[in-house]
>>> print(open('structure_38.pdb').read())   # PDB, C-alpha atoms and all ligand atoms
ATOM      1  CA  MET A   4      40.410  18.825 124.186  1.00  0.00           C
ATOM      2  CA  LYS A   5      39.298  18.199 127.778  1.00  0.00           C
ATOM      3  CA  ARG A   6      42.669  16.623 128.535  1.00  0.00           C
ATOM      4  CA  ILE A   7      44.559  19.605 127.184  1.00  0.00           C
ATOM      5  CA  LEU A   8      42.429  21.921 129.299  1.00  0.00           C
ATOM      6  CA  SER A   9      43.104  19.869 132.421  1.00  0.00           C
ATOM      7  CA  ILE A  10      46.826  19.866 131.721  1.00  0.00           C
ATOM      8  CA  LEU A  11      46.775  23.623 131.206  1.00  0.00           C
ATOM      9  CA  LEU A  12      44.834  24.017 134.440  1.00  0.00           C
ATOM     10  CA  ILE A  13      47.392  21.948 136.358  1.00  0.00           C
ATOM     11  CA  ILE A  14      50.286  23.959 134.908  1.00  0.00           C
ATOM     12  CA  PHE A  15      48.439  27.171 135.793  1.00  0.00           C
ATOM     13  CA  VAL A  16      47.899  26.071 139.405  1.00  0.00           C
ATOM     14  CA  VAL A  17      51.537  24.994 139.787  1.00  0.00           C
ATOM     15  CA  VAL A  18      52.812  28.290 138.400  1.00  0.00           C
ATOM     16  CA  ILE A  19      50.438  30.360 140.513  1.00  0.00           C
ATOM     17  CA  SER A  20      51.236  28.503 143.744  1.00  0.00           C
ATOM     18  CA  GLY A  21      54.960  28.761 142.927  1.00  0.00           C
ATOM     19  CA  CYS A  22      54.651  32.512 142.547  1.00  0.00           C
ATOM     20  CA  TYR A  23      52.570  32.825 145.672  1.00  0.00           C
ATOM     21  CA  TYR A  24      55.186  30.941 147.684  1.00  0.00           C
ATOM     22  CA  ASP A  25      57.954  33.284 146.494  1.00  0.00           C
ATOM     23  CA  THR A  26      55.889  36.331 147.273  1.00  0.00           C
ATOM     24  CA  GLU A  27      54.999  35.119 150.715  1.00  0.00           C
ATOM     25  CA  GLU A  28      58.656  34.493 151.571  1.00  0.00           C
ATOM     26  CA  GLN A  29      59.649  37.923 150.322  1.00  0.00           C
ATOM     27  CA  LEU A  30      56.840  39.637 152.212  1.00  0.00           C
ATOM     28  CA  TYR A  31      57.346  37.742 155.456  1.00  0.00           C
ATOM     29  CA  PRO A  32      61.019  36.715 155.688  1.00  0.00           C
ATOM     30  CA  GLU A  33      60.528  35.833 159.350  1.00  0.00           C
ATOM     31  CA  LEU A  34      58.375  32.893 158.245  1.00  0.00           C
ATOM     32  CA  SER A  35      61.405  31.175 156.793  1.00  0.00           C
ATOM     33  CA  THR A  36      63.857  32.226 159.509  1.00  0.00           C
ATOM     34  CA  THR A  37      62.073  31.314 162.725  1.00  0.00           C
ATOM     35  CA  CYS A  38      64.391  30.543 165.604  1.00  0.00           C
ATOM     36  CA  ASP A  39      64.381  26.819 166.347  1.00  0.00           C
ATOM     37  CA  LEU A  40      64.887  26.313 170.086  1.00  0.00           C
ATOM     38  CA  THR A  41      64.273  22.577 170.098  1.00  0.00           C
ATOM     39  CA  ASN A  42      67.264  20.285 170.663  1.00  0.00           C
ATOM     40  CA  VAL A  43      69.550  23.012 171.984  1.00  0.00           C
ATOM     41  CA  THR A  44      72.737  21.309 173.245  1.00  0.00           C
ATOM     42  CA  PHE A  45      76.189  22.393 174.356  1.00  0.00           C
ATOM     43  CA  ALA A  46      78.006  20.538 171.585  1.00  0.00           C
ATOM     44  CA  ALA A  47      75.721  21.286 168.657  1.00  0.00           C
ATOM     45  CA  THR A  48      74.438  24.751 169.581  1.00  0.00           C
ATOM     46  CA  VAL A  49      76.436  26.626 172.212  1.00  0.00           C
ATOM     47  CA  LYS A  50      79.939  25.601 171.159  1.00  0.00           C
ATOM     48  CA  PRO A  51      79.562  26.645 167.494  1.00  0.00           C
ATOM     49  CA  ILE A  52      78.224  30.076 168.521  1.00  0.00           C
ATOM     50  CA  LEU A  53      81.147  30.663 170.873  1.00  0.00           C
ATOM     51  CA  GLN A  54      83.582  29.297 168.312  1.00  0.00           C
ATOM     52  CA  ALA A  55      82.380  31.713 165.658  1.00  0.00           C
ATOM     53  CA  SER A  56      82.154  34.848 167.797  1.00  0.00           C
ATOM     54  CA  CYS A  57      84.180  34.496 170.979  1.00  0.00           C
ATOM     55  CA  LEU A  58      87.109  32.077 170.757  1.00  0.00           C
ATOM     56  CA  ASN A  59      89.282  34.513 168.823  1.00  0.00           C
ATOM     57  CA  CYS A  60      89.844  36.097 172.212  1.00  0.00           C
ATOM     58  CA  HIS A  61      88.522  33.563 174.736  1.00  0.00           C
ATOM     59  CA  SER A  62      90.135  30.284 173.627  1.00  0.00           C
ATOM     60  CA  ASN A  63      92.326  28.570 176.203  1.00  0.00           C
ATOM     61  CA  SER A  64      95.462  29.828 174.464  1.00  0.00           C
ATOM     62  CA  LYS A  65      94.308  33.411 173.846  1.00  0.00           C
ATOM     63  CA  ALA A  66      92.257  34.139 176.960  1.00  0.00           C
ATOM     64  CA  VAL A  67      95.129  35.647 178.908  1.00  0.00           C
ATOM     65  CA  SER A  68      96.504  37.845 176.123  1.00  0.00           C
ATOM     66  CA  SER A  69      93.214  38.847 174.438  1.00  0.00           C
ATOM     67  CA  GLY A  70      90.228  37.939 176.596  1.00  0.00           C
ATOM     68  CA  GLY A  71      90.825  39.371 180.035  1.00  0.00           C
ATOM     69  CA  GLY A  72      91.620  35.862 181.297  1.00  0.00           C
ATOM     70  CA  VAL A  73      88.059  34.643 180.612  1.00  0.00           C
ATOM     71  CA  LYS A  74      88.033  31.199 178.943  1.00  0.00           C
ATOM     72  CA  LEU A  75      85.075  30.000 176.883  1.00  0.00           C
ATOM     73  CA  GLU A  76      86.514  26.942 175.167  1.00  0.00           C
ATOM     74  CA  ASN A  77      85.839  24.063 177.562  1.00  0.00           C
ATOM     75  CA  TYR A  78      82.438  23.138 178.948  1.00  0.00           C
ATOM     76  CA  ALA A  79      83.440  23.732 182.582  1.00  0.00           C
ATOM     77  CA  ASP A  80      84.661  27.266 181.842  1.00  0.00           C
ATOM     78  CA  VAL A  81      81.548  28.157 179.838  1.00  0.00           C
ATOM     79  CA  GLN A  82      79.367  26.792 182.620  1.00  0.00           C
ATOM     80  CA  ILE A  83      81.052  29.108 185.147  1.00  0.00           C
ATOM     81  CA  GLN A  84      80.320  32.180 182.982  1.00  0.00           C
ATOM     82  CA  ALA A  85      76.763  30.963 182.374  1.00  0.00           C
ATOM     83  CA  LYS A  86      76.010  30.399 186.048  1.00  0.00           C
ATOM     84  CA  ASN A  87      77.484  33.668 187.294  1.00  0.00           C
ATOM     85  CA  GLY A  88      75.364  35.608 184.798  1.00  0.00           C
ATOM     86  CA  GLN A  89      78.310  37.030 182.817  1.00  0.00           C
ATOM     87  CA  LEU A  90      77.570  35.087 179.627  1.00  0.00           C
ATOM     88  CA  MET A  91      74.039  36.427 179.148  1.00  0.00           C
ATOM     89  CA  GLY A  92      74.869  39.843 180.582  1.00  0.00           C
ATOM     90  CA  THR A  93      77.704  40.403 178.120  1.00  0.00           C
ATOM     91  CA  VAL A  94      76.005  39.047 174.962  1.00  0.00           C
ATOM     92  CA  SER A  95      72.709  40.852 175.737  1.00  0.00           C
ATOM     93  CA  HIS A  96      74.615  44.128 176.216  1.00  0.00           C
ATOM     94  CA  THR A  97      72.980  44.563 179.612  1.00  0.00           C
ATOM     95  CA  SER A  98      74.152  47.676 181.402  1.00  0.00           C
ATOM     96  CA  GLY A  99      76.808  46.910 183.979  1.00  0.00           C
ATOM     97  CA  PHE A 100      78.401  44.224 181.774  1.00  0.00           C
ATOM     98  CA  GLN A 101      81.148  44.507 179.163  1.00  0.00           C
ATOM     99  CA  ALA A 102      79.360  44.257 175.783  1.00  0.00           C
ATOM    100  CA  MET A 103      80.516  41.134 173.879  1.00  0.00           C
ATOM    101  CA  PRO A 104      81.793  40.257 171.376  1.00  0.00           C
ATOM    102  CA  GLN A 105      84.174  43.112 172.110  1.00  0.00           C
ATOM    103  CA  GLY A 106      84.563  45.302 169.046  1.00  0.00           C
ATOM    104  CA  GLY A 107      82.244  43.101 166.968  1.00  0.00           C
ATOM    105  CA  GLY A 108      78.569  42.989 166.064  1.00  0.00           C
ATOM    106  CA  LYS A 109      76.082  41.784 168.650  1.00  0.00           C
ATOM    107  CA  LEU A 110      75.000  38.152 168.349  1.00  0.00           C
ATOM    108  CA  THR A 111      71.665  37.648 166.583  1.00  0.00           C
ATOM    109  CA  ASP A 112      68.504  37.486 168.708  1.00  0.00           C
ATOM    110  CA  CYS A 113      68.236  33.817 167.777  1.00  0.00           C
ATOM    111  CA  GLU A 114      71.778  33.041 168.956  1.00  0.00           C
ATOM    112  CA  ILE A 115      71.122  34.872 172.234  1.00  0.00           C
ATOM    113  CA  SER A 116      67.833  32.958 172.680  1.00  0.00           C
ATOM    114  CA  LYS A 117      69.656  29.669 172.121  1.00  0.00           C
ATOM    115  CA  LEU A 118      72.251  30.464 174.791  1.00  0.00           C
ATOM    116  CA  GLN A 119      69.436  31.414 177.178  1.00  0.00           C
ATOM    117  CA  LYS A 120      67.596  28.186 176.370  1.00  0.00           C
ATOM    118  CA  TRP A 121      70.704  26.125 177.140  1.00  0.00           C
ATOM    119  CA  ILE A 122      70.957  27.890 180.508  1.00  0.00           C
ATOM    120  CA  ASP A 123      67.227  27.455 181.214  1.00  0.00           C
ATOM    121  CA  ASN A 124      67.657  23.739 180.503  1.00  0.00           C
ATOM    122  CA  GLY A 125      70.327  23.541 183.223  1.00  0.00           C
ATOM    123  CA  THR A 126      73.673  24.264 181.403  1.00  0.00           C
ATOM    124  CA  LEU A 127      74.027  20.577 180.576  1.00  0.00           C
ATOM    125  CA  ASN A 128      77.168  19.068 179.046  1.00  0.00           C
ATOM    126  CA  ASN A 129      75.228  17.500 176.209  1.00  0.00           C
TER     127      ASN A 129
HETATM  128  C1  LIG B 201      88.100  40.900 170.288  1.00  0.00           C
HETATM  129  C2  LIG B 201      88.239  40.102 171.472  1.00  0.00           C
HETATM  130  C3  LIG B 201      86.998  39.578 172.153  1.00  0.00           C
HETATM  131  C4  LIG B 201      85.945  38.904 171.607  1.00  0.00           C
HETATM  132  C5  LIG B 201      85.726  38.514 170.148  1.00  0.00           C
HETATM  133  C6  LIG B 201      85.073  38.571 172.710  1.00  0.00           C
HETATM  134  N1  LIG B 201      85.589  39.039 173.886  1.00  0.00           N
HETATM  135 FE1  LIG B 201      84.798  38.790 175.731  1.00  0.00          FE
HETATM  136  N2  LIG B 201      86.307  39.890 176.550  1.00  0.00           N
HETATM  137  C7  LIG B 201      87.361  40.442 175.837  1.00  0.00           C
HETATM  138  C8  LIG B 201      88.203  41.186 176.766  1.00  0.00           C
HETATM  139  C9  LIG B 201      89.475  41.947 176.391  1.00  0.00           C
HETATM  140  C10 LIG B 201      87.610  41.048 178.052  1.00  0.00           C
HETATM  141  C11 LIG B 201      88.082  41.661 179.350  1.00  0.00           C
HETATM  142  C12 LIG B 201      87.413  43.015 179.432  1.00  0.00           C
HETATM  143  C13 LIG B 201      87.764  43.751 180.680  1.00  0.00           C
HETATM  144  O1  LIG B 201      87.950  43.117 181.708  1.00  0.00           O
HETATM  145  O2  LIG B 201      87.838  44.967 180.595  1.00  0.00           O
HETATM  146  C14 LIG B 201      86.430  40.226 177.868  1.00  0.00           C
HETATM  147  C15 LIG B 201      85.606  39.870 178.899  1.00  0.00           C
HETATM  148  C16 LIG B 201      84.557  38.992 178.773  1.00  0.00           C
HETATM  149  C17 LIG B 201      83.763  38.498 179.878  1.00  0.00           C
HETATM  150  C18 LIG B 201      83.917  38.896 181.337  1.00  0.00           C
HETATM  151  C19 LIG B 201      83.184  40.210 181.491  1.00  0.00           C
HETATM  152  C20 LIG B 201      83.477  40.908 182.758  1.00  0.00           C
HETATM  153  O3  LIG B 201      82.874  41.969 182.975  1.00  0.00           O
HETATM  154  O4  LIG B 201      84.304  40.440 183.536  1.00  0.00           O
HETATM  155  C21 LIG B 201      82.836  37.651 179.357  1.00  0.00           C
HETATM  156  C22 LIG B 201      81.761  36.860 180.099  1.00  0.00           C
HETATM  157  C23 LIG B 201      83.024  37.634 177.922  1.00  0.00           C
HETATM  158  N3  LIG B 201      84.080  38.442 177.595  1.00  0.00           N
HETATM  159  C24 LIG B 201      82.265  36.901 177.049  1.00  0.00           C
HETATM  160  C25 LIG B 201      82.415  36.944 175.675  1.00  0.00           C
HETATM  161  C26 LIG B 201      81.528  36.260 174.782  1.00  0.00           C
HETATM  162  C27 LIG B 201      80.352  35.388 175.195  1.00  0.00           C
HETATM  163  C28 LIG B 201      81.972  36.526 173.517  1.00  0.00           C
HETATM  164  C29 LIG B 201      81.367  36.077 172.213  1.00  0.00           C
HETATM  165  C30 LIG B 201      79.972  36.307 172.024  1.00  0.00           C
HETATM  166  C31 LIG B 201      83.143  37.386 173.638  1.00  0.00           C
HETATM  167  N4  LIG B 201      83.370  37.617 174.960  1.00  0.00           N
HETATM  168  C32 LIG B 201      83.891  37.848 172.570  1.00  0.00           C
HETATM  169  C33 LIG B 201      87.607  40.310 174.493  1.00  0.00           C
HETATM  170  C34 LIG B 201      86.767  39.679 173.587  1.00  0.00           C
END
>>> encode(input="structure_38.pdb", output="structure tokens", more="lines below")
Ligand code: HEC
Amino acid sequence: MKRILSILLIIFVVVISGCYYDTEEQLYPELSTTCDLTNVTFAATVKPILQASCLNCHSNSKAVSSGGGVKLENYADVQIQAKNGQLMGTVSHTSGFQAMPQGGGKLTDCEISKLQKWIDNGTLNN
């Protein structure tokens, strides 16, 4: 009898903690979607963001016809836009800059923070 009670108790605790976990995630979605700014690199972080949101118009082949001549495909070109302030100005929709991506939704706060972090770390080719 004692064993059955213990087993029931364990099942009860597992079920309750399972439910609590679900509820917590639903109540505080930001807990499960915090922005991870560790290990931000050009290859693994910056490039994929630009690829997904910018290269339709700013790839080497399309820059002239669709991107006002601004290239964001190679490291050296991205570094120029990062250092002259255009990259952050455009993606942050700062007044005085063309809002980018042009005609599309703004990047997420996390994506913008990652670009800023890469710049703060020295726009390394890593
Ligand atoms: C649909 C096409 C398109 C997309 C997508 C796009 N751009 Fe642009 N971008 C343009 C055009 C066109 C210009 C030139 C605008 C002008 O000079 O009037 C431009 C200009 C720029 C400039 C130079 C701004 C200036 O004032 O000279 C930067 C920097 C830039 N884009 C960054 C980005 C970034 C970063 C992304 C992605 C987050 C992006 N763009 C996505 C079309 C696009």
>>> residues_near_ligand(input="structure_38.pdb", ligand="ligand LIG 201 (chain B)", cutoff="10 Å", atoms="all atoms listed in the file", output="ChimeraX atom specification")
/A:52-62,65-75,81,83-85,87-95,99-110,114-115,118
>>> atom_distance(input="structure_38.pdb", atom1="atom CA of A:Phe45", atom2="atom CA of A:Lys117")
10.0 Å
>>> closest_residue(input="structure_38.pdb", among="A:Thr97, A:Asn129, A:Glu76, A:Asp112", to="A:Thr48", atoms="only C-alpha atoms")
A:Asn129
>>> atom_distance(input="structure_38.pdb", atom1="atom CA of A:Asn128", atom2="atom CA of A:Tyr78")
6.7 Å
>>> closest_residue(input="structure_38.pdb", among="A:His96, A:Asn63, A:Ala47, A:Asp123", to="A:Thr111", atoms="only C-alpha atoms")
A:His96
>>> atom_distance(input="structure_38.pdb", atom1="atom CA of A:Pro51", atom2="atom CA of A:Ser98")
25.8 Å
>>> residues_around(input="structure_38.pdb", residues="A:Trp121", least_positions_apart="6", cutoff="8 Å", atoms="only C-alpha atoms", output="PyMOL selection string")
chain A and resi 43-45+49+127
>>> closest_residue(input="structure_38.pdb", among="A:Ala46, A:Gly125, A:Thr41, A:Ser116", to="A:Gln82", atoms="only C-alpha atoms")
A:Gly125
>>> closest_residue(input="structure_38.pdb", among="A:Lys120, A:Cys113, A:Thr126, A:Ala79", to="A:Cys38", atoms="all atoms listed in the file")
A:Cys113
>>> axis_aligned_box(input="structure_38.pdb", around="stretch 82-94 of chain A", padding_each_side="6 Å", output="JSON")
{"center_x": 77.5, "center_y": 33.6, "center_z": 181.1, "size_x": 19.0, "size_y": 25.6, "size_z": 24.3}
>>> decode(input="structure_38.pdb", residues="stretch 25-108 of chain A", atoms="C-alpha atoms", output="mmCIF file, in the first residue's frame")
data_model
loop_
_atom_site.group_PDB
_atom_site.id
_atom_site.type_symbol
_atom_site.label_atom_id
_atom_site.label_comp_id
_atom_site.auth_asym_id
_atom_site.auth_seq_id
_atom_site.Cartn_x
_atom_site.Cartn_y
_atom_site.Cartn_z
ATOM 1 C CA ASP A 25 3.632 24.793 -19.664
ATOM 2 C CA THR A 26 1.802 27.526 -17.838
ATOM 3 C CA GLU A 27 4.950 29.429 -17.077
ATOM 4 C CA GLU A 28 6.013 29.366 -20.733
ATOM 5 C CA GLN A 29 2.602 30.552 -21.859
ATOM 6 C CA LEU A 30 2.500 33.329 -19.275
ATOM 7 C CA TYR A 31 6.051 34.523 -19.852
ATOM 8 C CA PRO A 32 7.015 33.727 -23.463
ATOM 9 C CA GLU A 33 10.058 35.976 -23.133
ATOM 10 C CA LEU A 34 11.560 33.419 -20.744
ATOM 11 C CA SER A 35 11.950 30.953 -23.574
ATOM 12 C CA THR A 36 12.935 33.486 -26.239
ATOM 13 C CA THR A 37 15.701 35.486 -24.593
ATOM 14 C CA CYS A 38 18.176 36.976 -27.024
ATOM 15 C CA ASP A 39 21.491 35.135 -26.830
ATOM 16 C CA LEU A 40 24.307 37.601 -27.520
ATOM 17 C CA THR A 41 27.151 35.248 -26.681
ATOM 18 C CA ASN A 42 29.287 33.945 -29.554
ATOM 19 C CA VAL A 43 28.090 36.517 -32.075
ATOM 20 C CA THR A 44 30.231 36.105 -35.221
ATOM 21 C CA PHE A 45 30.158 37.359 -38.791
ATOM 22 C CA ALA A 46 29.787 33.906 -40.327
ATOM 23 C CA ALA A 47 27.297 32.360 -37.925
ATOM 24 C CA THR A 48 25.250 35.408 -36.912
ATOM 25 C CA VAL A 49 25.549 38.447 -39.171
ATOM 26 C CA LYS A 50 25.675 36.692 -42.538
ATOM 27 C CA PRO A 51 22.499 34.618 -42.012
ATOM 28 C CA ILE A 52 20.545 37.727 -40.948
ATOM 29 C CA LEU A 53 21.650 39.644 -44.034
ATOM 30 C CA GLN A 54 21.048 36.615 -46.227
ATOM 31 C CA ALA A 55 17.477 36.263 -45.023
ATOM 32 C CA SER A 56 16.479 39.931 -45.114
ATOM 33 C CA CYS A 57 18.828 41.947 -47.297
ATOM 34 C CA LEU A 58 20.551 39.969 -50.054
ATOM 35 C CA ASN A 59 17.461 39.895 -52.256
ATOM 36 C CA CYS A 60 18.461 43.441 -53.110
ATOM 37 C CA HIS A 61 22.015 43.829 -51.785
ATOM 38 C CA SER A 62 23.804 40.734 -53.127
ATOM 39 C CA ASN A 63 26.799 41.397 -55.356
ATOM 40 C CA SER A 64 24.741 40.627 -58.456
ATOM 41 C CA LYS A 65 21.604 42.570 -57.489
ATOM 42 C CA ALA A 66 23.052 45.575 -55.671
ATOM 43 C CA VAL A 67 23.195 47.786 -58.738
ATOM 44 C CA SER A 68 19.727 46.979 -60.081
ATOM 45 C CA SER A 69 17.843 46.624 -56.766
ATOM 46 C CA GLY A 70 19.908 47.925 -53.860
ATOM 47 C CA GLY A 71 21.056 51.409 -54.742
ATOM 48 C CA GLY A 72 24.551 50.032 -55.394
ATOM 49 C CA VAL A 73 25.003 49.023 -51.732
ATOM 50 C CA LYS A 74 26.540 45.534 -51.398
ATOM 51 C CA LEU A 75 26.089 43.445 -48.257
ATOM 52 C CA GLU A 76 27.314 40.047 -49.404
ATOM 53 C CA ASN A 77 31.053 40.060 -48.695
ATOM 54 C CA TYR A 78 32.626 40.798 -45.331
ATOM 55 C CA ALA A 79 34.541 43.855 -46.578
ATOM 56 C CA ASP A 80 31.384 45.475 -47.967
ATOM 57 C CA VAL A 81 29.378 44.792 -44.802
ATOM 58 C CA GLN A 82 32.203 46.203 -42.708
ATOM 59 C CA ILE A 83 32.096 49.475 -44.675
ATOM 60 C CA GLN A 84 28.348 49.880 -44.007
ATOM 61 C CA ALA A 85 28.848 48.931 -40.353
ATOM 62 C CA LYS A 86 31.655 51.416 -39.783
ATOM 63 C CA ASN A 87 29.990 54.350 -41.524
ATOM 64 C CA GLY A 88 26.875 53.888 -39.385
ATOM 65 C CA GLN A 89 24.534 53.057 -42.292
ATOM 66 C CA LEU A 90 23.934 49.444 -41.250
ATOM 67 C CA MET A 91 22.573 50.243 -37.786
ATOM 68 C CA GLY A 92 20.913 53.468 -38.905
ATOM 69 C CA THR A 93 18.914 51.724 -41.620
ATOM 70 C CA VAL A 94 17.882 48.595 -39.660
ATOM 71 C CA SER A 95 16.982 50.627 -36.532
ATOM 72 C CA HIS A 96 14.817 52.946 -38.659
ATOM 73 C CA THR A 97 16.676 55.942 -37.255
ATOM 74 C CA SER A 98 15.480 59.212 -38.716
ATOM 75 C CA GLY A 99 17.758 60.449 -41.466
ATOM 76 C CA PHE A 100 18.385 56.907 -42.761
ATOM 77 C CA GLN A 101 16.498 54.879 -45.364
ATOM 78 C CA ALA A 102 14.480 52.304 -43.370
ATOM 79 C CA MET A 103 15.629 48.744 -44.220
ATOM 80 C CA PRO A 104 14.683 46.172 -45.293
ATOM 81 C CA GLN A 105 13.009 48.373 -47.883
ATOM 82 C CA GLY A 106 9.358 47.432 -48.225
ATOM 83 C CA GLY A 107 9.663 44.628 -45.660
ATOM 84 C CA GLY A 108 9.129 44.178 -41.938
#
